[in-house]
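What follows is data25.txt (compact mmCIF, C-alpha atoms).
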# COMPACT_ATOMS: atom_id res chain seq x y z
CA MET Q 1 0.00 0.00 0.00
CA SER Q 2 1.35 3.42 -0.90
CA THR Q 3 1.83 5.72 2.08
CA GLU Q 4 0.70 8.64 -0.08
CA ARG Q 5 -2.86 7.39 0.31
CA ALA Q 6 -2.69 8.32 3.98
CA HIS Q 7 -2.83 12.06 3.18
CA ASP Q 8 -6.08 12.26 1.24
CA PRO Q 9 -8.80 11.13 3.66
CA LEU Q 10 -7.17 12.30 6.87
CA GLY Q 11 -5.70 15.74 6.40
CA PRO Q 12 -2.05 16.78 6.89
CA ALA Q 13 -1.52 15.98 10.60
CA ALA Q 14 -3.28 12.60 10.79
CA GLY Q 15 -1.89 11.72 7.38
CA ARG Q 16 1.63 12.39 8.63
CA VAL Q 17 1.02 10.11 11.62
CA ALA Q 18 -0.39 7.33 9.45
CA GLU Q 19 2.55 7.58 7.08
CA GLY Q 20 5.01 7.56 9.97
CA VAL Q 21 3.42 4.49 11.55
CA LEU Q 22 3.51 2.65 8.23
CA THR Q 23 7.19 3.55 7.90
CA MET Q 24 7.88 2.18 11.38
CA ILE Q 25 6.19 -1.09 10.53
CA GLY Q 26 7.85 -1.30 7.13
CA ARG Q 27 11.28 -0.85 8.68
CA GLY Q 28 10.62 -3.59 11.21
CA GLU Q 29 10.63 -1.26 14.21
CA VAL Q 30 7.49 -3.10 15.28
CA ARG Q 31 7.13 -6.75 14.36
CA MET Q 32 3.97 -8.44 13.16
CA GLY Q 33 1.82 -8.83 16.25
CA GLY Q 34 3.93 -6.29 18.14
CA ARG Q 35 2.45 -3.37 19.99
CA LEU Q 36 2.92 0.18 18.76
CA PRO Q 37 3.87 2.95 21.19
CA PRO Q 38 0.96 4.52 23.08
CA GLU Q 39 -0.95 7.42 21.59
CA ARG Q 40 0.87 9.90 23.83
CA THR Q 41 4.24 8.82 22.48
CA LEU Q 42 3.09 8.85 18.87
CA SER Q 43 1.74 12.35 19.41
CA GLU Q 44 5.14 13.53 20.67
CA VAL Q 45 7.15 11.72 17.99
CA PHE Q 46 5.10 12.99 15.05
CA GLY Q 47 4.21 16.41 16.48
CA ALA Q 48 0.48 15.86 16.17
CA SER Q 49 -2.50 16.09 18.51
CA ARG Q 50 -3.92 13.02 20.25
CA GLU Q 51 -7.06 13.39 18.12
CA SER Q 52 -4.97 13.26 14.93
CA VAL Q 53 -3.23 10.14 16.22
CA ARG Q 54 -6.58 8.49 16.95
CA ARG Q 55 -7.88 9.30 13.47
CA ALA Q 56 -4.72 7.92 11.91
CA LEU Q 57 -4.90 4.68 13.91
CA ALA Q 58 -8.60 4.25 13.12
CA TRP Q 59 -7.82 4.68 9.43
CA LEU Q 60 -4.94 2.21 9.60
CA GLU Q 61 -7.19 -0.30 11.33
CA ALA Q 62 -9.80 0.06 8.60
CA GLU Q 63 -7.03 -0.53 6.05
CA GLY Q 64 -6.01 -3.75 7.81
CA GLU Q 65 -2.57 -2.46 8.83
CA VAL Q 66 -3.13 -2.52 12.61
CA ARG Q 67 -5.53 -3.95 15.16
CA ARG Q 68 -6.64 -2.04 18.26
CA ARG Q 69 -7.56 -3.82 21.49
CA ARG Q 70 -8.97 -2.34 24.69
CA GLY Q 71 -8.46 -3.38 28.31
CA LYS Q 72 -5.51 -4.87 30.16
CA GLY Q 73 -2.68 -5.67 27.78
CA GLY Q 74 -4.45 -3.70 25.09
CA GLY Q 75 -3.06 -1.22 22.61
CA THR Q 76 -2.48 -1.01 18.87
CA PHE Q 77 -0.79 -3.98 17.22
CA ALA Q 78 0.91 -4.25 13.84
CA LEU Q 79 -0.50 -6.76 11.37
CA ARG Q 80 2.11 -6.50 8.62
CA PRO Q 81 4.74 -9.26 8.77
CA ASN Q 82 8.35 -8.10 8.99
CA PRO Q 83 11.10 -10.32 10.45
CA ASN Q 84 13.69 -7.55 10.71
CA TRP Q 85 13.41 -6.00 14.16
CA PRO Q 86 16.38 -3.71 14.90
CA VAL Q 87 17.25 -3.66 18.59
CA TYR Q 88 17.80 0.08 18.92
CA SER Q 89 14.78 1.39 17.03
CA TRP Q 90 12.39 1.31 19.96
CA SER Q 91 14.59 3.39 22.22
CA ARG Q 92 14.83 6.10 19.57
CA LEU Q 93 11.08 6.07 19.21
CA ALA Q 94 10.23 5.90 22.90
CA SER Q 95 12.62 8.51 24.22
CA GLY Q 96 13.83 10.42 21.19
CA ARG Q 97 17.45 9.58 21.89
CA ASP Q 98 19.81 6.64 22.07
CA ARG Q 99 20.74 6.79 25.76
CA VAL Q 100 21.00 3.44 27.45
CA VAL Q 101 21.59 2.41 31.06
CA ALA Q 102 25.02 0.97 31.80
CA ARG Q 103 24.91 -1.99 34.17
CA GLN Q 104 27.71 -4.12 35.59
CA PRO Q 105 26.73 -7.78 36.06
CA GLY Q 106 27.43 -9.67 39.26
CA VAL Q 107 27.40 -6.75 41.68
CA ASP Q 108 24.85 -5.59 44.25
CA VAL Q 109 22.75 -3.14 42.26
CA ASN Q 110 21.03 -0.16 43.86
CA VAL Q 111 18.95 0.66 40.77
CA PRO Q 112 17.69 4.10 41.87
CA ALA Q 113 21.22 5.22 42.73
CA LEU Q 114 22.55 3.69 39.51
CA LEU Q 115 20.06 5.64 37.43
CA ARG Q 116 20.59 8.91 39.30
CA HIS Q 117 24.36 8.53 38.88
CA GLN Q 118 23.84 8.30 35.12
CA ASP Q 119 21.51 11.34 35.13
CA PHE Q 120 18.30 9.41 34.50
CA ALA Q 121 15.05 10.29 36.21
CA GLU Q 122 14.24 7.11 38.14
CA ALA Q 123 10.89 5.74 39.26
CA THR Q 124 9.48 2.43 40.47
CA ARG Q 125 6.03 0.92 40.19
CA VAL Q 126 5.24 -1.86 42.66
CA VAL Q 127 3.13 -4.35 40.72
CA SER Q 128 2.39 -6.87 43.47
CA THR Q 129 3.61 -8.05 46.87
CA GLY Q 130 2.70 -10.91 49.16
CA LEU Q 131 3.66 -14.14 50.83
CA ARG Q 132 4.11 -17.04 48.45
CA ARG Q 133 5.32 -20.60 48.64
CA GLY Q 134 8.53 -20.72 46.66
CA ASP Q 135 8.96 -23.05 43.73
CA ARG Q 136 11.87 -25.45 43.49
CA GLU Q 137 14.35 -23.00 41.94
CA VAL Q 138 13.48 -20.16 44.31
CA CYS Q 139 13.77 -22.35 47.42
CA ALA Q 140 17.04 -23.86 46.21
CA GLY Q 141 18.46 -20.37 45.62
CA LEU Q 142 17.41 -19.24 49.09
CA GLY Q 143 18.54 -22.42 50.83
CA LEU Q 144 14.99 -23.21 51.96
CA ARG Q 145 13.07 -26.45 52.10
CA ALA Q 146 10.78 -27.08 49.14
CA GLY Q 147 7.57 -25.09 49.35
CA ALA Q 148 8.80 -22.78 52.13
CA GLN Q 149 7.11 -19.42 52.46
CA THR Q 150 8.79 -16.46 50.80
CA VAL Q 151 8.16 -12.76 50.48
CA ALA Q 152 7.52 -12.06 46.79
CA ILE Q 153 7.92 -8.54 45.40
CA GLU Q 154 7.22 -7.63 41.77
CA ARG Q 155 8.32 -4.22 40.49
CA VAL Q 156 8.90 -2.29 37.28
CA ARG Q 157 11.77 0.20 37.10
CA PHE Q 158 11.65 3.29 34.88
CA ALA Q 159 14.45 5.41 33.44
CA ASP Q 160 13.37 8.83 32.16
CA GLY Q 161 9.77 7.62 32.26
CA VAL Q 162 10.40 4.61 30.01
CA PRO Q 163 10.25 1.05 31.41
CA LEU Q 164 13.73 -0.37 31.97
CA SER Q 165 13.23 -3.65 33.85
CA TRP Q 166 10.64 -5.93 35.39
CA GLU Q 167 11.86 -7.75 38.48
CA ARG Q 168 10.35 -10.55 40.58
CA LEU Q 169 12.31 -10.85 43.81
CA PHE Q 170 12.03 -13.44 46.61
CA VAL Q 171 13.45 -13.58 50.14
CA SER Q 172 12.82 -15.84 53.12
CA ALA Q 173 9.64 -14.77 54.94
CA ALA Q 174 10.98 -16.13 58.24
CA ARG Q 175 14.23 -14.22 57.95
CA PHE Q 176 12.75 -10.86 56.95
CA PRO Q 177 9.56 -10.31 58.96
CA GLY Q 178 7.80 -7.04 58.27
CA LEU Q 179 9.53 -6.48 54.93
CA LEU Q 180 6.23 -5.73 53.21
CA GLU Q 181 5.67 -2.84 55.62
CA GLN Q 182 8.80 -1.06 54.34
CA ASP Q 183 8.99 1.39 51.43
CA LEU Q 184 9.42 -0.92 48.44
CA THR Q 185 9.72 1.79 45.79
CA GLY Q 186 13.37 2.50 46.56
CA SER Q 187 16.43 0.31 47.03
CA LEU Q 188 15.83 -3.00 48.78
CA SER Q 189 19.58 -3.23 49.30
CA GLN Q 190 19.29 -0.18 51.54
CA VAL Q 191 16.31 -1.69 53.39
CA PHE Q 192 18.24 -4.90 54.01
CA ARG Q 193 21.19 -2.91 55.32
CA ASP Q 194 19.37 -0.33 57.43
CA VAL Q 195 16.54 -2.46 58.82
CA TYR Q 196 17.95 -5.98 58.94
CA GLY Q 197 21.70 -5.35 59.16
CA VAL Q 198 22.69 -7.48 56.17
CA THR Q 199 24.47 -6.59 52.94
CA ALA Q 200 24.93 -8.54 49.73
CA CYS Q 201 28.59 -9.53 49.52
CA GLU Q 202 28.45 -12.28 46.90
CA VAL Q 203 26.26 -11.99 43.82
CA SER Q 204 25.79 -14.55 41.08
CA GLU Q 205 23.89 -13.86 37.85
CA ARG Q 206 22.95 -15.93 34.82
CA ILE Q 207 22.20 -13.76 31.79
CA ARG Q 208 20.63 -14.83 28.54
CA VAL Q 209 18.69 -13.26 25.69
CA ARG Q 210 15.02 -14.05 25.26
CA LEU Q 211 12.30 -12.63 23.06
CA ALA Q 212 9.38 -10.79 24.59
CA GLU Q 213 6.11 -12.68 24.80
CA SER Q 214 2.62 -11.24 24.98
CA HIS Q 215 2.58 -11.15 28.81
CA HIS Q 216 5.71 -8.97 28.82
CA THR Q 217 4.22 -6.20 26.70
CA HIS Q 218 2.16 -4.56 29.44
CA HIS Q 219 4.89 -4.08 32.05
CA LEU Q 220 7.81 -3.29 29.74
CA ASP Q 221 5.95 -1.50 26.94
CA VAL Q 222 7.59 -3.68 24.29
CA SER Q 223 6.53 -5.49 21.16
CA VAL Q 224 6.15 -9.24 20.96
CA GLY Q 225 9.50 -10.62 19.79
CA GLN Q 226 11.56 -7.70 21.08
CA PRO Q 227 14.90 -8.82 22.60
CA LEU Q 228 15.14 -8.80 26.40
CA LEU Q 229 17.99 -9.58 28.79
CA ALA Q 230 16.82 -12.26 31.24
CA VAL Q 231 18.80 -12.21 34.49
CA THR Q 232 18.50 -14.90 37.16
CA ARG Q 233 20.15 -13.50 40.26
CA THR Q 234 21.21 -14.97 43.63
CA SER Q 235 22.96 -13.07 46.40
CA HIS Q 236 24.53 -14.01 49.75
CA ASP Q 237 25.17 -11.69 52.69
CA GLN Q 238 28.28 -11.01 54.78
CA TYR Q 239 27.59 -14.15 56.82
CA GLY Q 240 27.44 -16.38 53.76
CA GLU Q 241 23.66 -16.80 54.10
CA PRO Q 242 21.35 -16.60 51.04
CA LEU Q 243 19.85 -13.13 50.86
CA GLU Q 244 17.67 -12.84 47.79
CA PHE Q 245 16.70 -14.65 44.60
CA SER Q 246 15.23 -12.81 41.62
CA TYR Q 247 14.18 -13.05 38.01
CA ASP Q 248 14.79 -9.78 36.14
CA LEU Q 249 13.93 -8.82 32.58
CA PHE Q 250 15.75 -5.80 31.14
CA ARG Q 251 14.86 -4.18 27.85
CA ALA Q 252 17.83 -4.90 25.60
CA ASP Q 253 17.37 -1.62 23.75
CA ARG Q 254 17.65 0.30 27.03
CA THR Q 255 20.51 -1.61 28.69
CA GLU Q 256 24.14 -2.35 28.01
CA LEU Q 257 26.35 -4.57 30.14
CA HIS Q 258 29.78 -3.31 31.21
CA VAL Q 259 32.32 -6.00 32.13
CA SER Q 260 35.95 -5.37 33.09
CA SER Q 261 38.81 -7.59 34.19
CA THR Q 262 42.41 -7.25 35.29
CA LEU Q 263 44.91 -9.52 33.58
CA LYS Q 264 48.15 -10.43 35.28
CA GLY Q 265 51.29 -9.98 33.22
CA SER Q 266 53.40 -12.92 32.13
CA PRO Q 267 56.09 -13.90 34.68
Could you write out this structure as C-alpha cells?
Amino acid sequence: MSTERAHDPLGPAAGRVAEGVLTMIGRGEVRMGGRLPPERTLSEVFGASRESVRRALAWLEAEGEVRRRRGKGGGTFALRPNPNWPVYSWSRLASGRDRVVARQPGVDVNVPALLRHQDFAEATRVVSTGLRRGDREVCAGLGLRAGAQTVAIERVRFADGVPLSWERLFVSAARFPGLLEQDLTGSLSQVFRDVYGVTACEVSERIRVRLAESHHTHHLDVSVGQPLLAVTRTSHDQYGEPLEFSYDLFRADRTELHVSSTLKGSP
C-alpha cells in the first residue's frame, strides 16, 4: 500500500502520523503482532494532537494495517509481517534519543542510585507483593526447604519515564519479617542494610537473551518478539547466608552490560 494514500482522507496531521506508523512497521521497528507505542508517544514523535493520532490509527485499522484492542494488555498492534526487528529502534522512538543504562553484572545493584548517577530520572512501580510458597528453583536459591514461604515482590523500574526492567524478587519470609511494611519503591539493598543489618557480599547472575512474549508487553511497553535480557540472580550476605533470589527482565534496547577484568602480566 502506498503511504501517499494516507494524506487524502485524513488531512495533513493525521496523514503524517499514518505515514510515519507505516514507515515504522515497514522498517521492522514493530514486528507483526507487536504493539505500537501509546498514543501519547506517537503524538510527541510525530508532532500531532492526540485526536490526529486516533484518526490515523482508526484509518490504519480500517485498512487492515493494525488492530486495536482495549483493556488490560491492550493497545495497537501491527499486522504486517516483517522479520527484521532492529534492537535500537524502539529506544529512539520511545525517548527520542539513544541513551541506554550501563549496568555491571554480578554486583549488588542499587537501581535508583545507579540511574541517578547516570543522570536518568528514576521511578518504580510496585506491581504486586505478598507471601508465596517458593517453587523449586526459588527455594534452592534461598537455601529453603521445598515449598517454604517467601516474600515475593514484583516491580517495574523506569528510566526517564520509560520502562527499563521488570523484576520478581524473593526472600525468606521467616528471615525478613515485616519487609512488606517497608517502602518498596526504593532500594531493597538499603532496606536490608538499614533495617535488617545485612548486605549482599556475593552476587551470582545468569544472563541470557530471550524474546518478549505477549505477557511482557504490558509491564515493559515492548513489542512481541523484542529482545530482552533475562537475568537470574542470587545473592549471599556477609555471613554467607542466602539473601535474595530474583528473576529480572531488562529491555535490551535500554541496557548495556559493562564488564571489566584485570589480567596479570606474564612472569
Spatial neighbours of Leu79 (chain Q), 12 Å, all atoms listed in the file, chain gap at least 6 places, as a compact mmCIF listing (two decimals) with C-alpha atoms, in the coordinates of the input:
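Wrote around.txt, looks like this:
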# COMPACT_ATOMS: atom_id res chain seq x y z
CA VAL Q 21 3.42 4.49 11.55
CA LEU Q 22 3.51 2.65 8.23
CA ILE Q 25 6.19 -1.09 10.53
CA GLY Q 26 7.85 -1.30 7.13
CA GLY Q 28 10.62 -3.59 11.21
CA VAL Q 30 7.49 -3.10 15.28
CA ARG Q 31 7.13 -6.75 14.36
CA MET Q 32 3.97 -8.44 13.16
CA GLY Q 33 1.82 -8.83 16.25
CA GLY Q 34 3.93 -6.29 18.14
CA ARG Q 35 2.45 -3.37 19.99
CA LEU Q 36 2.92 0.18 18.76
CA LEU Q 60 -4.94 2.21 9.60
CA GLU Q 61 -7.19 -0.30 11.33
CA ALA Q 62 -9.80 0.06 8.60
CA GLU Q 63 -7.03 -0.53 6.05
CA GLY Q 64 -6.01 -3.75 7.81
CA GLU Q 65 -2.57 -2.46 8.83
CA VAL Q 66 -3.13 -2.52 12.61
CA ARG Q 67 -5.53 -3.95 15.16
CA ARG Q 68 -6.64 -2.04 18.26
CA VAL Q 224 6.15 -9.24 20.96
*Kindly give the distance, in Å, that separates CA of Gly240 (chain Q) and CA of Arg103 (chain Q), rounded to a single decimal.*
24.4 Å
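Here CA of Val111 (chain Q) and CA of Gln190 (chain Q) stand 10.8 Å from one another.
Counting from CA of Ser165 (chain Q), the distance to CA of Gly197 (chain Q) is 26.7 Å.
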*Please provide as a list in words all residues within 10 Å of Ser235 (chain Q), with the sequence filter that same-chain residues fewer than 3 positions apart are discarded (counting all atoms listed in the file).*
Gly106, Val107, Asp108, Gly141, Leu142, Thr199, Ala200, Cys201, Glu202, Val203, Ser204, Glu205, Gly240, Glu241, Pro242, Leu243, Glu244, Phe245 and Ser246 of chain Q
Contact table region 91-156 of chain Q vs region 213-223 of chain Q, cut-off 10 Å, shortest pair per residue, all atoms listed in the file, as JSON lines:
{"residue": "Q:Ala94", "atom": "CA", "partner": "Q:Asp221", "partner_atom": "CA", "distance": 9.5}
{"residue": "Q:Arg125", "atom": "CA", "partner": "Q:His219", "partner_atom": "CA", "distance": 9.6}
{"residue": "Q:Val127", "atom": "CA", "partner": "Q:His219", "partner_atom": "CA", "distance": 8.9}
{"residue": "Q:Arg155", "atom": "CA", "partner": "Q:His219", "partner_atom": "CA", "distance": 9.1}
{"residue": "Q:Val156", "atom": "CA", "partner": "Q:His219", "partner_atom": "CA", "distance": 6.8}
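Of the listed residues Q:Val126, Q:Val198, Q:Val209, Q:Cys139, the one whose atoms come nearest to Leu180 (chain Q) is Q:Val126, with distances taken using only C-alpha atoms.
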*asked:* So, with all atoms listed in the file as the atoms that count, which of Q:Gly143, Q:Gly186, Q:Gly75, Q:Pro163 lies closest to Ala252 (chain Q)?
replied: Q:Pro163
How about completing region 48-74 of chain Q with N, CA, C and O atoms and giving it to me as a JSON list (two decimals), keeping the file's coordinate frame?
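Resulting contents of part.json:
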[["chain", "number", "residue", "atom", "x", "y", "z"],
["Q", 48, "ALA", "N", 1.89, 15.76, 16.51],
["Q", 48, "ALA", "CA", 0.48, 15.86, 16.17],
["Q", 48, "ALA", "C", -0.36, 15.75, 17.44],
["Q", 48, "ALA", "O", 0.10, 15.26, 18.48],
["Q", 49, "SER", "N", -1.60, 16.18, 17.37],
["Q", 49, "SER", "CA", -2.50, 16.09, 18.51],
["Q", 49, "SER", "C", -2.93, 14.64, 18.74],
["Q", 49, "SER", "O", -2.83, 13.79, 17.84],
["Q", 50, "ARG", "N", -3.42, 14.36, 19.95],
["Q", 50, "ARG", "CA", -3.92, 13.02, 20.25],
["Q", 50, "ARG", "C", -5.09, 12.66, 19.33],
["Q", 50, "ARG", "O", -5.25, 11.51, 18.92],
["Q", 51, "GLU", "N", -5.93, 13.65, 19.01],
["Q", 51, "GLU", "CA", -7.06, 13.39, 18.12],
["Q", 51, "GLU", "C", -6.58, 12.98, 16.73],
["Q", 51, "GLU", "O", -7.14, 12.08, 16.10],
["Q", 52, "SER", "N", -5.53, 13.63, 16.24],
["Q", 52, "SER", "CA", -4.97, 13.26, 14.93],
["Q", 52, "SER", "C", -4.42, 11.85, 14.97],
["Q", 52, "SER", "O", -4.56, 11.08, 14.01],
["Q", 53, "VAL", "N", -3.77, 11.50, 16.08],
["Q", 53, "VAL", "CA", -3.23, 10.14, 16.22],
["Q", 53, "VAL", "C", -4.37, 9.13, 16.20],
["Q", 53, "VAL", "O", -4.28, 8.09, 15.54],
["Q", 54, "ARG", "N", -5.45, 9.43, 16.91],
["Q", 54, "ARG", "CA", -6.58, 8.49, 16.95],
["Q", 54, "ARG", "C", -7.19, 8.31, 15.56],
["Q", 54, "ARG", "O", -7.56, 7.20, 15.17],
["Q", 55, "ARG", "N", -7.33, 9.41, 14.83],
["Q", 55, "ARG", "CA", -7.88, 9.30, 13.47],
["Q", 55, "ARG", "C", -6.98, 8.47, 12.58],
["Q", 55, "ARG", "O", -7.44, 7.64, 11.79],
["Q", 56, "ALA", "N", -5.67, 8.69, 12.72],
["Q", 56, "ALA", "CA", -4.72, 7.92, 11.91],
["Q", 56, "ALA", "C", -4.79, 6.43, 12.23],
["Q", 56, "ALA", "O", -4.80, 5.59, 11.33],
["Q", 57, "LEU", "N", -4.85, 6.09, 13.52],
["Q", 57, "LEU", "CA", -4.90, 4.68, 13.91],
["Q", 57, "LEU", "C", -6.21, 4.03, 13.48],
["Q", 57, "LEU", "O", -6.24, 2.86, 13.08],
["Q", 58, "ALA", "N", -7.32, 4.78, 13.57],
["Q", 58, "ALA", "CA", -8.60, 4.25, 13.12],
["Q", 58, "ALA", "C", -8.57, 3.96, 11.62],
["Q", 58, "ALA", "O", -9.09, 2.94, 11.16],
["Q", 59, "TRP", "N", -7.94, 4.88, 10.87],
["Q", 59, "TRP", "CA", -7.82, 4.68, 9.43],
["Q", 59, "TRP", "C", -6.93, 3.47, 9.11],
["Q", 59, "TRP", "O", -7.27, 2.65, 8.25],
["Q", 60, "LEU", "N", -5.83, 3.35, 9.82],
["Q", 60, "LEU", "CA", -4.94, 2.21, 9.60],
["Q", 60, "LEU", "C", -5.63, 0.89, 9.95],
["Q", 60, "LEU", "O", -5.40, -0.12, 9.29],
["Q", 61, "GLU", "N", -6.46, 0.92, 10.98],
["Q", 61, "GLU", "CA", -7.19, -0.30, 11.33],
["Q", 61, "GLU", "C", -8.18, -0.67, 10.23],
["Q", 61, "GLU", "O", -8.32, -1.84, 9.86],
["Q", 62, "ALA", "N", -8.86, 0.33, 9.68],
["Q", 62, "ALA", "CA", -9.80, 0.06, 8.60],
["Q", 62, "ALA", "C", -9.08, -0.47, 7.36],
["Q", 62, "ALA", "O", -9.65, -1.27, 6.59],
["Q", 63, "GLU", "N", -7.82, -0.06, 7.18],
["Q", 63, "GLU", "CA", -7.03, -0.53, 6.05],
["Q", 63, "GLU", "C", -6.40, -1.89, 6.30],
["Q", 63, "GLU", "O", -5.73, -2.44, 5.42],
["Q", 64, "GLY", "N", -6.57, -2.43, 7.51],
["Q", 64, "GLY", "CA", -6.01, -3.75, 7.81],
["Q", 64, "GLY", "C", -4.54, -3.74, 8.16],
["Q", 64, "GLY", "O", -3.89, -4.79, 8.17],
["Q", 65, "GLU", "N", -3.99, -2.56, 8.49],
["Q", 65, "GLU", "CA", -2.57, -2.46, 8.83],
["Q", 65, "GLU", "C", -2.33, -2.70, 10.32],
["Q", 65, "GLU", "O", -1.25, -3.17, 10.70],
["Q", 66, "VAL", "N", -3.29, -2.34, 11.17],
["Q", 66, "VAL", "CA", -3.13, -2.52, 12.61],
["Q", 66, "VAL", "C", -4.44, -3.06, 13.19],
["Q", 66, "VAL", "O", -5.49, -3.05, 12.53],
["Q", 67, "ARG", "N", -4.35, -3.52, 14.42],
["Q", 67, "ARG", "CA", -5.53, -3.95, 15.16],
["Q", 67, "ARG", "C", -5.48, -3.28, 16.53],
["Q", 67, "ARG", "O", -4.45, -3.29, 17.20],
["Q", 68, "ARG", "N", -6.58, -2.69, 16.95],
["Q", 68, "ARG", "CA", -6.64, -2.04, 18.26],
["Q", 68, "ARG", "C", -7.43, -2.91, 19.23],
["Q", 68, "ARG", "O", -8.45, -3.50, 18.87],
["Q", 69, "ARG", "N", -6.92, -2.99, 20.48],
["Q", 69, "ARG", "CA", -7.56, -3.82, 21.49],
["Q", 69, "ARG", "C", -7.63, -3.03, 22.79],
["Q", 69, "ARG", "O", -6.65, -2.43, 23.21],
["Q", 70, "ARG", "N", -8.77, -3.06, 23.44],
["Q", 70, "ARG", "CA", -8.97, -2.34, 24.69],
["Q", 70, "ARG", "C", -8.66, -3.24, 25.88],
["Q", 70, "ARG", "O", -8.52, -4.44, 25.74],
["Q", 71, "GLY", "N", -8.61, -2.62, 27.07],
["Q", 71, "GLY", "CA", -8.46, -3.38, 28.31],
["Q", 71, "GLY", "C", -7.02, -3.68, 28.65],
["Q", 71, "GLY", "O", -6.07, -3.20, 28.02],
["Q", 72, "LYS", "N", -6.84, -4.51, 29.69],
["Q", 72, "LYS", "CA", -5.51, -4.87, 30.16],
["Q", 72, "LYS", "C", -4.72, -5.57, 29.07],
["Q", 72, "LYS", "O", -5.22, -6.49, 28.43],
["Q", 73, "GLY", "N", -3.50, -5.11, 28.85],
["Q", 73, "GLY", "CA", -2.68, -5.67, 27.78],
["Q", 73, "GLY", "C", -3.09, -5.20, 26.41],
["Q", 73, "GLY", "O", -2.64, -5.74, 25.40],
["Q", 74, "GLY", "N", -3.98, -4.19, 26.37],
["Q", 74, "GLY", "CA", -4.45, -3.70, 25.09],
["Q", 74, "GLY", "C", -3.47, -2.74, 24.45],
["Q", 74, "GLY", "O", -2.36, -2.52, 24.92]]
